[in-house]
Structures are given as C-alpha cells and as structure tokens.
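A.B. asks: Input data_3.txt, format and content: compact mmCIF, C-alpha atoms.
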```
# COMPACT_ATOMS: atom_id res chain seq x y z
CA MET M 735 9.89 -38.07 0.63
CA LYS M 736 8.06 -39.10 -2.51
CA ILE M 737 8.71 -37.08 -5.63
CA ARG M 738 5.05 -37.50 -6.60
CA THR M 739 4.00 -35.38 -3.64
CA LEU M 740 5.99 -32.37 -4.84
CA SER M 741 4.27 -29.73 -6.93
CA LYS M 742 5.49 -29.16 -10.45
CA THR M 743 7.08 -25.87 -9.43
CA ALA M 744 8.82 -27.56 -6.49
CA ARG M 745 10.37 -30.09 -8.86
CA LEU M 746 11.55 -27.35 -11.19
CA ILE M 747 13.08 -25.47 -8.28
CA LEU M 748 14.84 -28.61 -7.10
CA ARG M 749 16.27 -29.22 -10.56
CA ASP M 750 17.55 -25.69 -10.89
CA LEU M 751 19.04 -25.62 -7.44
CA SER M 752 20.86 -28.91 -7.94
CA ARG M 753 22.79 -27.24 -10.74
CA ALA M 754 23.60 -24.12 -8.67
CA ASP M 755 26.24 -24.84 -6.05
CA ALA M 756 26.06 -21.39 -4.49
CA GLY M 757 22.27 -21.35 -4.49
CA LEU M 758 19.95 -19.01 -6.38
CA TYR M 759 18.11 -15.79 -5.73
CA VAL M 760 14.40 -16.48 -5.47
CA TYR M 761 13.85 -13.73 -8.01
CA THR M 762 16.02 -15.64 -10.49
CA ILE M 763 13.84 -18.71 -10.01
CA TYR M 764 10.71 -16.59 -10.48
CA ARG M 765 12.09 -15.07 -13.68
CA ARG M 766 12.93 -18.47 -15.15
CA PHE M 767 9.65 -20.25 -14.53
CA LYS M 768 7.12 -17.54 -15.31
CA VAL M 769 4.74 -18.71 -12.60
CA SER M 770 3.02 -16.73 -9.87
CA PRO M 771 5.12 -15.82 -6.80
CA VAL M 772 2.49 -17.74 -4.84
CA GLU M 773 3.50 -20.96 -6.60
CA ILE M 774 7.16 -20.26 -5.89
CA SER M 775 6.40 -19.58 -2.25
CA LYS M 776 4.38 -22.78 -1.90
CA GLY M 777 7.05 -24.81 -3.68
CA LEU M 778 9.84 -23.43 -1.52
CA ARG M 779 7.88 -24.10 1.65
CA GLN M 780 7.21 -27.66 0.58
CA LEU M 781 10.90 -28.28 -0.10
CA VAL M 782 11.99 -26.64 3.16
CA GLN M 783 9.53 -28.81 5.09
CA HIS M 784 11.21 -31.87 3.65
CA GLY M 785 14.59 -30.42 4.56
CA VAL M 786 16.02 -30.60 1.06
CA ILE M 787 16.60 -26.87 0.67
CA ALA M 788 17.13 -23.89 2.95
CA THR M 789 15.95 -20.34 2.30
CA ASP M 790 15.61 -16.99 4.02
CA GLY M 791 13.00 -15.79 1.56
CA SER M 792 15.41 -14.05 -0.78
CA ARG M 793 17.98 -16.78 -1.52
CA ALA M 794 17.63 -20.54 -1.67
CA VAL M 795 20.32 -23.23 -1.39
CA MET M 796 20.34 -27.00 -1.50
CA THR M 797 21.07 -28.86 1.73
CA GLU M 798 23.21 -32.00 2.04
CA LYS M 799 20.02 -34.04 2.34
CA GLY M 800 18.77 -32.36 -0.81
CA ARG M 801 21.85 -33.36 -2.79
CA ASP M 802 21.40 -36.98 -1.72
CA PHE M 803 17.75 -36.83 -2.63
CA VAL M 804 18.44 -35.45 -6.08
CA LYS M 805 20.90 -38.27 -6.67
CA THR M 806 18.39 -40.97 -5.78
CA ALA M 807 15.47 -39.31 -7.56
CA ARG M 808 17.34 -38.15 -10.66
CA TRP M 809 15.33 -40.31 -13.08
CA GLN M 810 12.09 -38.80 -11.87
CA LEU M 811 13.49 -35.29 -11.88
CA TRP M 812 14.89 -35.62 -15.40
CA PRO M 813 12.54 -38.18 -16.95
CA GLY M 814 13.58 -37.37 -20.51
CA ALA M 815 17.31 -37.81 -19.87
CA SER M 816 19.13 -40.12 -22.30
CA LYS M 817 20.43 -43.44 -20.98
CA PRO M 818 23.51 -44.21 -23.12
CA TRP M 819 23.90 -47.81 -21.89
CA ARG M 820 20.44 -48.65 -23.20
CA GLN M 821 21.53 -47.76 -26.73
CA CYS M 822 22.43 -50.53 -29.22
CA PRO M 823 26.23 -50.66 -29.62
CA PRO M 824 27.38 -49.55 -33.09
CA GLU M 825 29.00 -52.92 -33.96
CA PHE M 826 25.55 -54.56 -33.90
CA LYS M 827 24.05 -52.09 -36.29
CA GLN M 828 23.79 -52.51 -40.07
CA GLU M 829 22.10 -50.84 -43.00
CA ALA M 830 18.33 -51.23 -42.99
CA LEU M 831 17.12 -53.76 -45.63
CA PRO M 832 14.87 -52.42 -48.41
CA VAL M 833 11.21 -53.47 -48.20
CA ASN M 834 10.38 -56.85 -49.86
CA SER M 835 14.01 -57.70 -50.39
CA PRO M 836 14.90 -61.44 -50.00
CA TYR M 837 16.15 -62.31 -46.56
CA ALA M 838 17.30 -65.66 -45.19
CA PRO M 839 17.11 -65.86 -41.41
CA GLN M 840 19.44 -68.14 -39.52
CA ILE M 841 16.98 -70.76 -38.27
CA THR M 842 19.01 -71.78 -35.20
CA LEU M 843 18.83 -68.21 -33.91
CA LEU M 844 15.04 -67.92 -34.23
CA ASP M 845 13.10 -67.87 -30.99
CA LYS M 846 11.80 -71.34 -30.19
CA ARG M 847 8.60 -70.15 -28.62
CA ALA M 848 7.74 -67.67 -31.37
CA PHE M 849 8.46 -70.08 -34.23
CA PRO M 850 7.72 -73.62 -32.89
CA GLN M 851 6.85 -75.07 -36.29
CA VAL M 852 10.13 -73.98 -37.86
CA HIS M 853 12.02 -75.70 -35.07
CA GLN M 854 9.79 -78.80 -35.42
CA MET M 855 10.70 -79.00 -39.11
CA ARG M 856 14.38 -78.62 -38.29
CA LYS M 857 14.20 -81.52 -35.79
CA GLY M 858 12.35 -83.78 -38.22
CA LYS M 859 14.99 -83.20 -40.92
CA MET P 15 -2.93 -12.77 -21.31
CA ARG P 16 0.25 -13.26 -19.33
CA LYS P 17 0.70 -11.04 -16.32
CA PRO P 18 3.58 -8.57 -16.59
CA ARG P 19 6.63 -9.67 -14.68
CA ILE P 20 7.09 -8.02 -11.29
CA PRO P 21 10.29 -5.96 -11.10
CA ALA P 22 13.09 -7.29 -8.88
CA SER P 23 13.01 -4.43 -6.37
CA GLN P 24 9.35 -5.01 -5.65
CA PHE P 25 9.61 -8.80 -5.68
CA ASN P 26 12.44 -8.78 -3.15
CA GLU P 27 10.38 -6.54 -0.92
CA PHE P 28 7.28 -8.69 -0.68
CA PHE P 29 8.52 -12.21 -1.28
CA PRO P 30 10.10 -12.83 2.17
CA LEU P 31 6.78 -11.64 3.62
CA LEU P 32 4.78 -13.96 1.37
CA TYR P 33 7.02 -16.87 2.28
CA GLU P 34 6.81 -16.15 5.99
CA LYS P 35 3.03 -15.68 6.09
CA PRO P 36 1.25 -18.38 4.11
CA TRP P 37 -2.14 -16.72 4.61
CA LEU P 38 -1.00 -13.97 2.24
CA GLU P 39 -0.76 -16.55 -0.54
CA ASP P 40 -4.55 -16.76 -0.71
CA ARG P 41 -4.77 -12.98 -0.95
CA PHE P 42 -1.85 -12.36 -3.24
CA GLU P 43 -3.85 -10.81 -6.08
CA GLU P 44 -5.60 -8.53 -3.60
CA MET P 45 -2.27 -7.56 -2.10
CA MET P 46 -0.95 -6.63 -5.53
CA GLU P 47 -4.13 -4.66 -6.13
CA LEU P 48 -3.49 -2.74 -2.92
CA THR P 49 0.10 -1.99 -3.86
CA ASN P 50 -1.12 -0.76 -7.22
CA LEU P 51 -3.14 1.83 -5.36
CA CYS P 52 0.13 3.22 -3.98
CA SER P 53 1.62 6.00 -6.00
CA TYR P 54 5.18 5.91 -4.70
CA GLU P 55 7.76 3.56 -3.23
CA ALA P 56 7.42 4.62 0.42
CA GLN P 57 3.70 3.93 0.41
CA ARG P 58 4.28 0.46 -0.92
CA SER P 59 6.93 -0.22 1.72
CA LEU P 60 4.50 1.00 4.35
CA ILE P 61 1.88 -1.49 3.19
CA TYR P 62 4.39 -4.34 3.31
CA THR P 63 5.53 -3.26 6.76
CA LEU P 64 1.95 -3.17 8.01
CA LEU P 65 1.27 -6.60 6.54
CA ALA P 66 4.35 -7.93 8.33
CA ARG P 67 2.90 -6.61 11.58
CA PHE P 68 -0.57 -7.95 10.82
CA ASN P 69 -2.10 -10.33 13.34
CA TYR P 70 -4.05 -12.90 11.40
CA LEU P 71 -5.47 -15.46 13.79
CA ASP P 72 -6.06 -18.75 12.05
CA ASP P 73 -8.14 -21.50 13.64
CA SER P 74 -5.35 -23.15 15.60
CA ARG P 75 -4.20 -19.86 17.13
CA LEU P 76 -7.78 -18.88 17.89
CA ASN P 77 -8.33 -22.19 19.67
CA LEU P 78 -5.20 -21.59 21.70
CA VAL P 79 -6.49 -18.19 22.76
CA LEU P 80 -9.94 -19.52 23.61
CA ARG P 81 -8.41 -22.26 25.76
CA ARG P 82 -6.43 -19.64 27.61
CA ILE P 83 -9.63 -17.68 28.18
CA ILE P 84 -11.32 -20.75 29.68
CA LYS P 85 -8.28 -21.34 31.88
CA GLN P 86 -8.33 -17.73 32.99
CA VAL P 87 -12.00 -17.84 33.93
CA PHE P 88 -12.06 -21.10 35.86
CA ASP P 89 -8.48 -21.62 37.03
CA VAL P 90 -7.11 -18.12 37.59
CA TRP P 91 -10.14 -16.06 38.51
CA LEU P 92 -11.63 -19.21 40.06
CA LEU P 93 -15.19 -18.24 39.20
CA PRO P 94 -17.42 -20.92 40.77
CA ARG P 95 -18.93 -23.44 38.41
CA GLY P 96 -22.69 -23.32 38.30
CA GLN P 97 -22.73 -19.63 39.24
CA THR P 98 -21.05 -18.18 36.20
CA GLN P 99 -22.39 -16.86 32.91
CA ILE P 100 -20.36 -15.94 29.86
CA VAL P 101 -22.10 -13.12 28.02
CA ALA P 102 -21.48 -11.83 24.51
CA VAL P 103 -21.29 -8.02 24.47
CA THR P 104 -23.92 -7.91 21.72
CA LEU P 105 -26.52 -5.29 22.55
CA ASP P 106 -29.05 -5.35 19.72
CA GLU P 107 -30.58 -8.07 17.61
CA SER P 108 -27.97 -8.07 14.84
CA ALA P 109 -25.32 -10.78 14.78
CA ASP P 110 -21.79 -9.86 15.76
CA GLY P 111 -18.33 -11.23 16.43
CA ALA P 112 -18.79 -11.61 20.16
CA GLN P 113 -21.49 -14.20 19.55
CA ALA P 114 -19.24 -16.05 17.13
CA VAL P 115 -16.52 -16.27 19.78
CA LEU P 116 -19.06 -17.35 22.37
CA TYR P 117 -20.21 -20.15 20.11
CA ASP P 118 -16.63 -21.20 19.38
CA LEU P 119 -16.12 -21.57 23.13
CA LYS P 120 -18.83 -24.21 23.36
CA GLY P 121 -16.89 -27.16 22.05
CA LEU P 122 -13.73 -26.18 23.88
CA LEU P 123 -15.62 -25.91 27.16
CA ALA P 124 -17.01 -29.37 26.57
CA ALA P 125 -13.48 -30.66 25.95
CA GLU P 126 -12.52 -29.31 29.38
CA GLY P 127 -15.44 -31.15 30.94
CA ILE P 128 -17.49 -28.01 31.48
CA GLY P 129 -21.16 -28.35 30.59
CA PRO P 130 -24.34 -26.30 30.62
CA LYS P 131 -24.78 -26.98 34.34
CA ASP P 132 -21.46 -25.29 35.08
CA VAL P 133 -21.73 -22.20 32.96
CA LYS P 134 -24.43 -20.33 31.07
CA LEU P 135 -23.57 -18.98 27.64
CA VAL P 136 -25.65 -15.90 27.01
CA ASN P 137 -26.18 -14.37 23.59
CA ARG P 138 -26.99 -10.79 24.58
CA VAL P 139 -26.06 -8.40 27.35
CA GLU P 140 -29.75 -7.72 27.97
CA GLU P 141 -30.39 -11.32 28.97
CA ALA P 142 -27.66 -11.37 31.59
CA ARG P 143 -30.01 -9.67 34.05
CA GLU P 144 -32.38 -12.65 33.96
CA ASN P 145 -29.64 -14.91 35.32
CA LEU P 146 -28.42 -12.47 37.96
CA TYR P 147 -29.44 -14.52 41.01
CA LYS P 148 -28.47 -17.89 39.59
CA CYS P 149 -25.23 -16.80 37.98
CA PRO P 150 -23.97 -13.61 39.62
CA ASN P 151 -20.49 -13.97 38.11
CA VAL P 152 -20.52 -12.40 34.67
CA VAL P 153 -17.79 -12.77 32.07
CA LEU P 154 -18.27 -10.35 29.20
CA ILE P 155 -16.67 -11.66 26.03
CA ASP P 156 -15.79 -9.97 22.76
CA ASP P 157 -13.65 -10.82 19.75
CA PHE P 158 -11.85 -7.52 19.54
CA VAL P 159 -11.53 -4.48 21.76
CA GLY P 160 -10.57 -1.49 19.65
CA SER P 161 -10.97 1.55 21.87
CA GLY P 162 -12.63 0.07 24.96
CA GLN P 163 -15.58 2.43 24.63
CA THR P 164 -18.06 -0.32 23.75
CA MET P 165 -16.84 -2.43 26.64
CA ARG P 166 -17.08 0.50 29.05
CA SER P 167 -20.64 1.32 28.06
CA ARG P 168 -21.64 -2.36 28.36
CA VAL P 169 -20.14 -2.68 31.84
CA GLN P 170 -21.82 0.53 33.00
CA HIS P 171 -25.09 -0.61 31.43
CA LEU P 172 -24.88 -3.96 33.23
CA ARG P 173 -24.09 -2.35 36.58
CA VAL P 174 -27.11 -0.07 36.30
CA GLU P 175 -29.36 -2.96 35.25
CA PHE P 176 -28.14 -5.23 38.05
CA ASP P 177 -28.44 -2.56 40.72
CA ASN P 178 -31.95 -1.71 39.53
CA LYS P 179 -33.00 -5.33 39.69
CA ILE P 180 -31.51 -5.83 43.16
CA ARG P 181 -33.24 -2.69 44.41
CA LYS P 182 -36.55 -3.79 42.92
CA LYS P 183 -36.40 -7.31 44.31
CA GLY P 184 -34.95 -6.24 47.63
CA ILE P 185 -32.73 -9.34 47.81
CA PRO P 186 -29.05 -8.41 48.00
CA VAL P 187 -26.52 -10.35 45.93
CA THR P 188 -22.84 -9.68 45.22
CA TYR P 189 -22.18 -9.92 41.54
CA THR P 190 -18.84 -9.68 39.71
CA ILE P 191 -18.16 -8.48 36.20
CA ASN P 192 -15.09 -9.76 34.34
CA ILE P 193 -13.97 -9.09 30.79
CA CYS P 194 -12.35 -11.42 28.27
CA ALA P 195 -11.38 -10.59 24.71
CA VAL P 196 -9.60 -12.51 21.99
CA ALA P 197 -7.62 -9.42 21.04
CA CYS P 198 -7.28 -5.97 22.53
CA MET P 199 -5.52 -2.83 21.42
CA GLU P 200 -2.82 -1.78 23.84
CA ALA P 201 -4.27 1.73 23.70
CA ALA P 202 -7.63 0.47 24.96
CA GLN P 203 -6.21 -1.15 28.08
CA ALA P 204 -6.18 2.10 30.07
CA GLU P 205 -9.87 2.57 29.29
CA ILE P 206 -10.61 -0.97 30.47
CA GLN P 207 -8.47 -0.67 33.58
CA ALA P 208 -10.39 2.47 34.56
CA LEU P 209 -13.48 0.24 34.88
CA ASN P 210 -11.74 -1.58 37.72
CA VAL P 211 -12.75 -5.08 36.63
CA PRO P 212 -10.59 -8.17 35.97
CA PHE P 213 -9.57 -8.17 32.33
CA PHE P 214 -7.93 -10.73 30.07
CA ALA P 215 -7.01 -10.49 26.40
CA GLY P 216 -5.48 -13.35 24.44
CA VAL P 217 -3.61 -11.10 22.06
CA SER P 218 -2.43 -7.59 22.79
CA LEU P 219 -2.00 -5.36 19.76
CA LEU P 220 0.13 -2.27 19.34
CA LYS P 221 -1.04 0.54 17.09
CA GLY P 222 -0.03 -0.39 13.54
CA ILE P 223 2.12 2.68 12.98
CA ALA P 224 2.42 4.67 16.22
CA GLY P 225 3.20 1.53 18.23
CA TYR P 226 6.36 0.82 16.25
CA VAL P 227 7.90 4.09 15.10
CA SER P 228 8.14 7.62 16.46
CA GLY P 229 9.33 11.09 15.54
CA LYS P 230 10.09 11.76 11.92
CA ALA P 231 9.42 8.20 10.75
CA LEU P 232 5.99 8.32 12.39
CA ARG P 233 5.08 11.62 10.73
CA ARG P 234 6.20 10.27 7.36
CA ALA P 235 4.25 7.06 7.73
CA TYR P 236 1.14 8.99 8.76
CA ARG P 237 1.51 11.26 5.77
CA ASP P 238 1.90 8.33 3.39
CA MET P 239 -1.13 6.57 4.84
CA LEU P 240 -3.25 9.73 4.69
CA ARG P 241 -2.39 10.20 1.03
CA LEU P 242 -3.27 6.60 0.35
CA GLU P 243 -6.58 6.92 2.18
CA ALA P 244 -7.36 10.10 0.27
CA ARG P 245 -7.69 7.90 -2.82
CA ILE P 246 -10.55 5.87 -1.35
CA ASN P 247 -12.11 8.18 1.24
CA ASP P 248 -15.25 9.76 -0.20
CA ASP P 249 -16.12 11.49 3.11
CA SER P 250 -19.36 9.50 3.34
CA ALA P 251 -18.38 7.66 6.51
CA ALA P 252 -15.89 9.78 8.35
CA LYS P 253 -15.77 7.53 11.40
CA GLU P 254 -13.45 4.94 9.87
CA PHE P 255 -11.11 7.55 8.41
CA PRO P 256 -8.33 8.10 9.16
CA PHE P 257 -6.59 4.91 10.35
CA GLY P 258 -9.72 2.96 11.26
CA PHE P 259 -12.49 3.62 13.77
CA ASN P 260 -11.29 6.05 16.47
CA ARG P 261 -7.84 6.14 14.80
CA ALA P 262 -7.27 2.71 16.27
CA GLU P 263 -4.60 1.65 13.70
CA ALA P 264 -5.49 -1.99 14.25
CA LEU P 265 -3.88 -4.81 12.28
CA PHE P 266 -6.01 -7.78 13.17
CA CYS P 267 -8.38 -10.27 11.63
CA LEU P 268 -9.83 -13.60 12.65
CA LYS P 269 -9.68 -16.17 9.90
CA ALA P 270 -12.88 -17.74 11.18
CA SER P 271 -14.93 -14.55 11.15
CA LYS P 272 -14.07 -13.20 7.69
CA ASN P 273 -15.50 -9.87 8.81
CA VAL P 274 -12.66 -7.53 9.63
CA PRO P 275 -13.09 -5.06 12.55
CA ASN P 276 -13.61 -1.45 11.47
CA SER P 277 -10.66 -0.46 13.66
CA VAL P 278 -8.37 -1.91 11.01
CA PHE P 279 -6.79 0.56 8.57
CA PRO P 280 -9.51 1.11 5.95
CA VAL P 281 -7.12 0.63 3.02
CA PHE P 282 -7.33 -3.09 3.77
CA TRP P 283 -11.08 -3.37 3.50
CA TRP P 284 -12.86 -0.15 2.37
CA PRO P 285 -15.01 -1.43 -0.49
CA LYS P 286 -15.03 1.50 -2.91
CA HIS P 287 -12.71 3.80 -4.78
CA LEU P 288 -13.17 7.52 -4.60
CA SER P 289 -14.98 7.33 -7.94
CA GLY P 290 -17.47 4.79 -6.56
CA ARG P 291 -15.90 1.89 -8.44
CA LYS P 292 -15.72 -1.35 -6.46
CA ARG P 293 -12.34 -2.22 -4.97
CA THR P 294 -10.74 -5.66 -4.70
CA THR P 295 -9.78 -5.69 -1.05
CA MET P 296 -7.67 -8.00 1.09
CA PHE P 297 -10.36 -8.22 3.76
CA ASP P 298 -14.11 -7.76 3.73
CA ARG P 299 -16.50 -6.03 6.03
CA PHE P 300 -20.26 -5.97 6.28
CA GLU P 301 -20.76 -2.22 6.09
CA ARG P 302 -23.25 0.44 5.09
CA THR P 303 -21.79 2.16 2.07
```
Give the structure from the file, written as structure tokens.

C.D. replies:
Amino acid sequence: MKIRTLSKTARLILRDLSRADAGLYVYTIYRRFKVSPVEISKGLRQLVQHGVIATDGSRAVMTEKGRDFVKTARWQLWPGASKPWRQCPPEFKQEALPVNSPYAPQITLLDKRAFPQVHQMRKGK
Amino acid sequence: MRKPRIPASQFNEFFPLLYEKPWLEDRFEEMMELTNLCSYEAQRSLIYTLLARFNYLDDSRLNLVLRRIIKQVFDVWLLPRGQTQIVAVTLDESADGAQAVLYDLKGLLAAEGIGPKDVKLVNRVEEARENLYKCPNVVLIDDFVGSGQTMRSRVQHLRVEFDNKIRKKGIPVTYTINICAVACMEAAQAEIQALNVPFFAGVSLLKGIAGYVSGKALRRAYRDMLRLEARINDDSAAKEFPFGFNRAEALFCLKASKNVPNSVFPVFWWPKHLSGRKRTTMFDRFERT
C-alpha cells in the first residue's frame, strides 16, 4: 500500500487510530475532523480494503497489519515531526557573531573545492 | 457556512448503513434532506430501515441478472435459436425501461455467441405479430414487474393478436409466450402465475414494509409512512399514493436507468412539496406533475 493513494481523511483516521489502542467510535472521528460523513465512510472503506483497520460501521480498530504499516510509514503520516538526531549538538554551538565583525577562519579547515585559490596560496607559501 | 454537526444518535443510526451501501454516499445530501422531512424519530428510523432494504442494482449486478436471463431462455427453457424473439413490453411510442433492458441484452447476447440470426430483439409488443411465423417463441421482457397487471394485459393482448393472425392466414402454428423480468415484486407473482406461462425474474422483491413486519409494528410503520406522505401528497396524482403505484411498496432502482419505477414509495422520488416547492429527492422520475 502506498500512502499517496490514501485520501486525506483516510490518513487522518489512520493517525488517530494508531494512538487509540482500544479503537475509536466512528462518531468520535467524525467530531474531530469536521468533514462530511461521506468522506469518513470513503476513508474507512479504503483503509479496510487495505486491511489496516477493521470496522463494523460504528467502531473502528487498527489491525496488526495496520500497526506495522504505521511504523513503516510514520514519516509520511507525521511529516512535520521533529527529528532530534538531525539537530546540531549543543557543544558545537556558539554565540552568533555580530555583522561585519572581524573573523579569522582556520584556512586548513576551509573546503578545498569551494576555496581553491586560498589553498593554492597556502601551498605556494 | 459550515454545516451543523449531526447529533450522535442520528449519526450512529445512519452511518453503518452509509458504510455498508456505497451508493448512498452519492446521495447523502438527498438522504439528509429526506430525513429532515421527518417530524419524529420513528419516521427517521423507518426511512433508514427502508434504505437498508433497498435494492439498488448497479451495473455489475444488472449484468449478472441479464446473463441469468439469457441462460434461462436458451439453456433452461431451451427455446430454439432462430425461432425466438425477445420483445420489450412497450406498447406505445414512448421510450421505457423494457427497451433499455432489451438493449442492454444485446452485448451480453453477443458475448454468449448469440447473434441476430439466432434471436430477434423487438422494440414493441405490436411488432411481435409480424414475426409470428418466423419466431413463434416469444419472450416478453421488462425491467420491473410491480403488480403484474401490465404484464397480464400484454400477454392477453398478444394472445388475441396471434390468434387473430392465425385465423386470418389459416396456417396453424404453435407459439409460446414466456416472461422475463429483471425484478419482480413477490406480490405480483400470483398474478403472473395465473397467466400460466413460464416466468423468470432475476430479483424477487418483498413489499418494503408489509414483507418484513406484521401486526402492531406493521400498523405503526404504515401510520408513520402515511404521515410522511401527507407532507408531499397534494392529491393531484392519487395513483402513486399511498406507498407507490397500486400500494406496491417497492424498494428498487436500476443504476443504469436513473428513472425510478412509480411502484417505489413516493417519498423517495415525488418531486414536489405540498406547497408546490421543488423537493431534492434521492431518486428521479419522469412524471407528469
């Protein structure tokens, strides 16, 4: 199953259900999303067809397959989620320098491709 | 403007129905409109119950039924190829559902390897007489048999016509008349059986209310429906009130035809309010109003 093929409502339902171990009443889902019951019905049917949820029309629960799917597709389901390991560690951070303040870069650490002339000068020294 | 939220009691009543029957999704607004016409809870429940019993034949189910009709004609009744005509029960010059079904049969017949040499497809009952000597086996076809009265009058009409022609020509021929319908009301079957001809219906329908409940529940449901109909019935066309033509209580529509039979409860299709204002209905019907 591709997450792209799911409707927006289906994705929302999947997100909400993954947080509800005991499942949710369909009415609860309807109340949260403020969309037409038709959208809810279509979304539920789509998810049931893929076997990721089960419903009797009044309650919906996640299946085992659904839990696995949510795990693999979590970045698409929660695209705005923070990724703490992508953050710069605090020991590498320092105060921002004021604009136009003198700054002496360490030449050996400059990128060789970006600053070829600087490296040329260093070699010729 | 945002639509007001539907209360939980009502939502829980219709949602399982909506989920189970995807065709209702396309008519959701109309369904809500119909439930707004109801003035109390029991009426609304009645509408949902009737919708749950509704027979809505989409294209794949219609094809299934039509294939069964073809099978019935050529494999069960064993009507000889080349001597059979399938005739729509249309009497006059105006288009009707029987012709639509007849036309739908065309492609399916071809798929079974049956061509124009094997069977004649005739648009009108009147024309069947012309083919009497070539194709003495007649299959009358209709989309929906509500009371059986139309079918009975057509069969009697045909018998008279055929006998007249045979008498006039002086050449005897044994003809057979058979009847096929996509759907038939259970209540009409006795009428058809009295004709003493082979009969086949793809779908058999019980009366929408009387076929499912009896006694007190039946009286209550009738009362609720009558009160609901009183809000749209302007007494201009009494024949569809109450409960559809001839009190048929039908719950049936072909997706392909879009024109609902007048045997269906009029609350589902009657186009006007009592005041003359136009209604938004779940189904439509080409009707003098």

A.B. asks: Please identify all polymer residues within 10 Å of Gln810 (chain M), counting all atoms listed in the file, omitting same-chain residues fewer than 6 positions from it, and present them as a JSON list (two decimals) with C-alpha atoms, keeping the file's coordinate frame.

C.D. replies:
```
[["chain", "number", "residue", "atom", "x", "y", "z"],
["M", 737, "ILE", "CA", 8.71, -37.08, -5.63],
["M", 738, "ARG", "CA", 5.05, -37.50, -6.60],
["M", 745, "ARG", "CA", 10.37, -30.09, -8.86],
["M", 804, "VAL", "CA", 18.44, -35.45, -6.08]]
```

A.B. asks: Return as a Markdown table the residues of chain P lying at most 7 Å from chain M, together with the closest atom-to-atom pair for each and the distance in Å to one decimal, counting only C-alpha atoms, with rows in chain order and ascending residue number.

C.D. replies:
```
| residue | atom | partner | partner_atom | distance |
| --- | --- | --- | --- | --- |
| P:Ala22 | CA | M:Tyr761 | CA | 6.5 |
| P:Phe25 | CA | M:Tyr761 | CA | 6.9 |
| P:Asn26 | CA | M:Ser792 | CA | 6.5 |
| P:Phe29 | CA | M:Gly791 | CA | 6.4 |
| P:Pro30 | CA | M:Gly791 | CA | 4.2 |
| P:Leu32 | CA | M:Ser775 | CA | 6.9 |
| P:Tyr33 | CA | M:Ser775 | CA | 5.3 |
| P:Glu39 | CA | M:Val772 | CA | 5.5 |
```

A.B. asks: Those same residues, written as a CSV table (one decimal), in the coordinates of the input with C-alpha atoms?

C.D. replies:
```csv
chain,number,residue,atom,x,y,z
P,22,ALA,CA,13.1,-7.3,-8.9
P,25,PHE,CA,9.6,-8.8,-5.7
P,26,ASN,CA,12.4,-8.8,-3.2
P,29,PHE,CA,8.5,-12.2,-1.3
P,30,PRO,CA,10.1,-12.8,2.2
P,32,LEU,CA,4.8,-14.0,1.4
P,33,TYR,CA,7.0,-16.9,2.3
P,39,GLU,CA,-0.8,-16.6,-0.5
```

A.B. asks: Distance CA of Cys149 (chain P)-CA of Ala109 (chain P), one decimal place?

C.D. replies: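 These atoms are spaced 24.0 Å apart.
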
A.B. asks: Rounded to one decimal in Å, what is the spacing between CA of Thr806 (chain M) and CA of His784 (chain M)?

C.D. replies: 14.9 Å

A.B. asks: Would you pick out the contacts of Phe259 (chain P) at 6 Å or less, using only C-alpha atoms, so that residues sharing its chain but fewer than 2 positions from it are not included, and give the list as a PDB file with C-alpha atoms, in the coordinates of the input?

C.D. replies:
```
ATOM      1  CA  LYS P 253     -15.770   7.530  11.400  1.00  0.00           C
ATOM      2  CA  GLU P 254     -13.450   4.940   9.870  1.00  0.00           C
ATOM      3  CA  ARG P 261      -7.840   6.140  14.800  1.00  0.00           C
ATOM      4  CA  ALA P 262      -7.270   2.710  16.270  1.00  0.00           C
ATOM      5  CA  ASN P 276     -13.610  -1.450  11.470  1.00  0.00           C
ATOM      6  CA  SER P 277     -10.660  -0.460  13.660  1.00  0.00           C
TER       7      SER P 277
END
```

A.B. asks: Find, counting all atoms listed in the file, the residue in P:Leu38, P:Leu60, P:Val103, P:Ala195 that gets nearest to Ile83 (chain P).

C.D. replies: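 Among the listed residues, P:Ala195 lies closest to Ile83 (chain P).
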